[in-house]
Amino acid sequence: MIEFTGDVFQGIGEALRLNPRVFEIVARANNSNLVILMIAILGGASLLIGQSVILFVNRVSPTRFMISLLVNGILFAINLVIWAIAIWLVGQVLFPNDIPLGTVMRMVGVGAAPYLFGFLVLIPYMGNFIGRMLSVWSFLIVLAGITVIAGGAFTPALVCVGLGWLLIVLMTATIGRPVVALRNRLFRAVAGTDLDASVADILADFATQDAKPGTKTEGARGDPLDSEPDLHRRDRAALSLGGCRTARESWLVGGLVWR
Amino acid sequence: MGWLLPQLVTLAGVALTAALIIAWCSPFEALGWWAGWSGGLDDDVGALPRVVQPSTTRSYLVYLTGIGGFAPNEEGYSRRELSFFDGLSAQLPDVVLVHDVFPFSVSNNPLDGQRQLAGLWSWLHSRVRKPGGALLYNLVMTRNMMQVAVSSDRRYGPIYNYGVGREIAQSLVRHGYRPDSYTPVVLLGVSGGGQVALGAAPTVRALLGAPVTVISLAGVLSDDPGIDTIEHLYHLQGSRDRVPLLGALLFPGRWPWVGHSNWNRAQHDGRITLIDTGPMTHMGEHEYLARRAVLPNGQRHVDHTIELIEKIFVEEGLCARTQQSAVSSQQG
């Protein structure tokens, strides 16, 4: 176990430095699958911590919060597998080769290493910038890894990685929609919110929902801020008029990086 | 000198790590409050002890302290602030002054309130006038500064500003404000409190049905959407104060060439007025509320600041005094 943990950390460190040696080791070592899977799952979980505002806004319980992290890690890993398949397919069509799919998958998995810092996306003001930096860093690692297994051929590697990503974007919007729907259903079952839900949507839901009896302390009737139903009405107005508009703008830049 | 460099590097590393940890933890108070993990939204509103609004009241002025703030009470405010309150109350007798809201907590929880690090913050506050205490107090300022960043962040701002706005509205009701009376509310935010005032304004407006004006005293302001809902923004800044420029630098929506931002739209519509307070600094002996520092004309800084605020109240009709009576009293 200690050796395994050591391998995970060593692999992460070398991958973050874009060390070509680590890619060579990963390409050869079939037994590195578990280590890479751990990197991908932890990266996905960390990223969700960074973007956990969507869970908090949805008022998930601490237990659901923890389960959501695990589920997001697994979904993140599946997402990487799909990207790896896309890269491998593009490679087979445009640059016929005998690189096994498993090797490409391991390279893409190693590329998830920067997302271990995904929790830093939570930092106010600069969090979104950090998120974008992590995406670029991850892309560069995958590109470096594919270049190594392609025998140093940079341009074909860039074409495969880029087109592979484009293929996923196209599929997500077309024939892959049922898969996306399934993924969202799974996440909703766990977190109680959609992956695609924005802070604005959730706040708007709160703003339009009926007042829950007993959730507020009773006050003297007649005063608008004192009267319970009226307070709810005013709260909803405050959220729908003030908060939601600002939140909708925010989520356009704060959306899940890998979605 | 060679031995000094590693020490300084270590010290800088420790400071940076501490700042990163504080920054990372900063959204949790607001998020936990909203999610109900920390008691939260549903149990803090209710039967509020209230006073009847005197018929002479023309408007309400809510003071939101700067990032050096510790608690909205006599122990938490500096002597300069307390003296400033006295001056304001004397000059604006028909304005109700409210200063019991802590702008750097989503639930108006002061730093010595019910929170895990209350002991640490209290200790730092108690040492602020002792040797080295001011340096350590930077931790408190960093903590509060990060809450300003939370307020201005479009991800967390809607929740944070809603919470603070709700606290302001409740405090106003406690001070006799009658919702839907359309009595004007002025939010006076100092430094980082200026951003929070701007962010909280839409909620105050929606909860109370009140027209809201914001006065930023050297505020570090973002391009907050709240600016669209206020009557006017008055930004007071000293010629020797560079800190408010951080807002103009750090938030792209405030860059002049970014068209259609909330800030630029408001400026184009004439809803922002910039007022030069003279050679005042952000902090220290020559700051806005200083009682000993004097302007070239011999007027004390604090008196000039109060005079400028009073002038805004007069011009906006937020107090009973008219411009004419203000001029004649000054001449007298």
# chains A, B, ... in the order shown; residues from 1 in each chain; ligands from 1

$ interface_residues --of "chain B" --to "chain A" --cutoff "9 Å" --atoms "only C-alpha atoms" --output "ChimeraX atom specification"
/B:20,23-27,31-32,34-37,41-48,146-147,149-159,161-162,166,169-170,173,178-180,200-208,224-226,229

$ residues_around --residues "segment 32-40 of chain A" --least-positions-apart "3" --cutoff "12 Å" --atoms "only C-alpha atoms" --output "ChimeraX atom specification"
/A:1,3-13,15-16,22-29,43-47,70,72-81,102-118,138

$ closest_residue --among "A:Leu18, A:Val169, A:Ile82, A:Arg185" --to "Ile146 of chain A" --atoms "only C-alpha atoms"
A:Leu18

$ select_by_dssp --residues "segment 80-210 of chain B" --states "helix (DSSP H, G or I)" --output "number ranges by chain"
B: 80-91, 118-126, 133-136, 138-152, 157-174, 192-208

$ atom_distance --atom1 "atom CA of Asn109 of chain B" --atom2 "atom CA of Arg291 of chain B"
29.2 Å

$ select_by_dssp --residues "segment 136-248 of chain B" --states "strand (DSSP E)" --output "mmCIF file with N, CA and C atoms, in the first residue's frame"
data_model
loop_
_atom_site.group_PDB
_atom_site.id
_atom_site.type_symbol
_atom_site.label_atom_id
_atom_site.label_comp_id
_atom_site.auth_asym_id
_atom_site.auth_seq_id
_atom_site.Cartn_x
_atom_site.Cartn_y
_atom_site.Cartn_z
ATOM 1 N N VAL B 185 -32.339 54.755 1.784
ATOM 2 C CA VAL B 185 -31.265 54.098 2.543
ATOM 3 C C VAL B 185 -29.941 54.433 1.869
ATOM 4 N N VAL B 186 -28.970 54.829 2.684
ATOM 5 C CA VAL B 186 -27.634 55.105 2.160
ATOM 6 C C VAL B 186 -26.680 54.093 2.784
ATOM 7 N N LEU B 187 -25.942 53.392 1.941
ATOM 8 C CA LEU B 187 -24.936 52.455 2.438
ATOM 9 C C LEU B 187 -23.579 53.132 2.300
ATOM 10 N N LEU B 188 -22.923 53.338 3.434
ATOM 11 C CA LEU B 188 -21.607 53.984 3.429
ATOM 12 C C LEU B 188 -20.555 52.909 3.688
ATOM 13 N N GLY B 189 -19.800 52.544 2.680
ATOM 14 C CA GLY B 189 -18.802 51.486 2.814
ATOM 15 C C GLY B 189 -17.401 52.044 2.743
ATOM 16 N N VAL B 190 -16.572 51.656 3.718
ATOM 17 C CA VAL B 190 -15.187 52.111 3.744
ATOM 18 C C VAL B 190 -14.306 51.017 3.149
ATOM 19 N N VAL B 212 -31.856 52.925 -2.775
ATOM 20 C CA VAL B 212 -30.550 52.794 -2.101
ATOM 21 C C VAL B 212 -29.499 53.621 -2.826
ATOM 22 N N THR B 213 -28.785 54.416 -2.052
ATOM 23 C CA THR B 213 -27.640 55.171 -2.564
ATOM 24 C C THR B 213 -26.394 54.614 -1.877
ATOM 25 N N VAL B 214 -25.301 54.514 -2.617
ATOM 26 C CA VAL B 214 -24.064 53.995 -2.019
ATOM 27 C C VAL B 214 -23.006 55.094 -1.990
ATOM 28 N N ILE B 215 -22.407 55.262 -0.818
ATOM 29 C CA ILE B 215 -21.251 56.152 -0.703
ATOM 30 C C ILE B 215 -20.043 55.279 -0.409
ATOM 31 N N SER B 216 -19.081 55.338 -1.283
ATOM 32 C CA SER B 216 -17.865 54.545 -1.101
ATOM 33 C C SER B 216 -16.781 55.480 -0.596
ATOM 34 N N LEU B 217 -16.313 55.210 0.625
ATOM 35 C CA LEU B 217 -15.219 56.010 1.170
ATOM 36 C C LEU B 217 -13.933 55.234 0.891
ATOM 37 N N LEU B 233 -23.984 56.273 -7.098
ATOM 38 C CA LEU B 233 -22.768 55.882 -6.373
ATOM 39 C C LEU B 233 -21.866 57.105 -6.250
ATOM 40 N N TYR B 234 -21.545 57.437 -5.003
ATOM 41 C CA TYR B 234 -20.572 58.511 -4.746
ATOM 42 C C TYR B 234 -19.285 57.859 -4.262
ATOM 43 N N HIS B 235 -18.218 58.118 -4.963
ATOM 44 C CA HIS B 235 -16.934 57.507 -4.588
ATOM 45 C C HIS B 235 -15.986 58.611 -4.113
ATOM 46 N N LEU B 236 -15.678 58.578 -2.818
ATOM 47 C CA LEU B 236 -14.790 59.576 -2.232
ATOM 48 C C LEU B 236 -13.374 58.992 -2.158
ATOM 49 N N GLN B 237 -12.413 59.746 -2.672
ATOM 50 C CA GLN B 237 -11.048 59.224 -2.677
ATOM 51 C C GLN B 237 -10.040 60.359 -2.494
#

$ residues_around --residues "Val93 of chain A" --least-positions-apart "2" --cutoff "12 Å" --atoms "only C-alpha atoms" --output "count of residues only"
15

$ closest_residue --among "A:Trp83, A:Phe187, A:Leu69, A:Ala153" --to "Phe139 of chain A" --atoms "only C-alpha atoms"
A:Trp83

$ atom_distance --atom1 "atom CA of Gly238 of chain B" --atom2 "atom CA of Gly192 of chain B"
15.6 Å

$ residues_around --residues "His286 of chain B" --least-positions-apart "6" --cutoff "8 Å" --atoms "only C-alpha atoms" --output "list in words"
Met280, Ala293 and His301 of chain B

$ atom_distance --atom1 "atom CA of Phe85 of chain B" --atom2 "atom CA of Thr56 of chain B"
19.2 Å

$ residues_around --residues "segment 141-143 of chain B" --least-positions-apart "2" --cutoff "6 Å" --atoms "only C-alpha atoms" --output "count of residues only"
6

$ residues_around --residues "Tyr288 of chain B" --least-positions-apart "5" --cutoff "12 Å" --atoms "only C-alpha atoms" --output "VMD selection string"
chain B and resid 66 80 to 81 84 190 to 191 216 to 219 236 to 241 276 to 283 293 to 295 299 to 309

$ residues_around --residues "Leu172 of chain B" --least-positions-apart "3" --cutoff "9 Å" --atoms "only C-alpha atoms" --output "number ranges by chain"
B: 60, 62, 98, 167-169, 175-178, 185

$ decode --residues "segment 118-134 of chain A" --atoms "N, CA, C and O atoms" --output "short mmCIF file (atom, residue, chain, number, x, y, z; two decimals), in the first residue's frame"
data_model
loop_
_atom_site.label_atom_id
_atom_site.label_comp_id
_atom_site.auth_asym_id
_atom_site.auth_seq_id
_atom_site.Cartn_x
_atom_site.Cartn_y
_atom_site.Cartn_z
N GLY A 118 -7.12 20.97 -8.72
CA GLY A 118 -8.43 21.54 -9.07
C GLY A 118 -9.11 22.21 -7.89
O GLY A 118 -9.91 23.14 -8.08
N PHE A 119 -8.80 21.77 -6.68
CA PHE A 119 -9.44 22.37 -5.50
C PHE A 119 -9.12 23.86 -5.38
O PHE A 119 -9.85 24.62 -4.76
N LEU A 120 -8.00 24.29 -6.02
CA LEU A 120 -7.62 25.70 -5.95
C LEU A 120 -8.57 26.60 -6.76
O LEU A 120 -8.55 27.82 -6.59
N VAL A 121 -9.38 25.99 -7.62
CA VAL A 121 -10.35 26.77 -8.40
C VAL A 121 -11.33 27.49 -7.45
O VAL A 121 -11.93 28.50 -7.79
N LEU A 122 -11.44 26.96 -6.25
CA LEU A 122 -12.34 27.54 -5.25
C LEU A 122 -11.92 28.95 -4.82
O LEU A 122 -12.74 29.74 -4.38
N ILE A 123 -10.63 29.27 -4.96
CA ILE A 123 -10.13 30.57 -4.49
C ILE A 123 -10.87 31.70 -5.21
O ILE A 123 -10.97 31.69 -6.42
N PRO A 124 -11.41 32.64 -4.43
CA PRO A 124 -12.14 33.73 -5.09
C PRO A 124 -11.23 34.58 -5.97
O PRO A 124 -10.03 34.64 -5.74
N TYR A 125 -11.81 35.20 -6.90
CA TYR A 125 -11.20 36.09 -7.87
C TYR A 125 -10.30 35.35 -8.87
O TYR A 125 -10.52 35.41 -10.06
N MET A 126 -9.28 34.62 -8.39
CA MET A 126 -8.33 34.03 -9.33
C MET A 126 -8.63 32.55 -9.63
O MET A 126 -7.93 31.92 -10.41
N GLY A 127 -9.68 32.00 -9.01
CA GLY A 127 -9.98 30.58 -9.18
C GLY A 127 -10.24 30.17 -10.61
O GLY A 127 -9.73 29.15 -11.08
N ASN A 128 -11.02 30.97 -11.33
CA ASN A 128 -11.32 30.63 -12.72
C ASN A 128 -10.07 30.62 -13.58
O ASN A 128 -9.91 29.79 -14.46
N PHE A 129 -9.19 31.57 -13.30
CA PHE A 129 -7.92 31.64 -14.04
C PHE A 129 -7.09 30.38 -13.75
O PHE A 129 -6.53 29.77 -14.67
N ILE A 130 -7.06 29.98 -12.49
CA ILE A 130 -6.32 28.76 -12.12
C ILE A 130 -6.91 27.57 -12.88
O ILE A 130 -6.18 26.73 -13.41
N GLY A 131 -8.24 27.51 -12.95
CA GLY A 131 -8.90 26.42 -13.66
C GLY A 131 -8.46 26.33 -15.12
O GLY A 131 -8.20 25.26 -15.65
N ARG A 132 -8.38 27.48 -15.75
CA ARG A 132 -7.97 27.49 -17.17
C ARG A 132 -6.51 27.06 -17.31
O ARG A 132 -6.15 26.34 -18.25
N MET A 133 -5.68 27.51 -16.36
CA MET A 133 -4.28 27.12 -16.40
C MET A 133 -4.14 25.60 -16.26
O MET A 133 -3.32 24.96 -16.94
N LEU A 134 -4.94 25.02 -15.39
CA LEU A 134 -4.89 23.57 -15.19
C LEU A 134 -5.31 22.84 -16.48
O LEU A 134 -4.71 21.82 -16.84
#
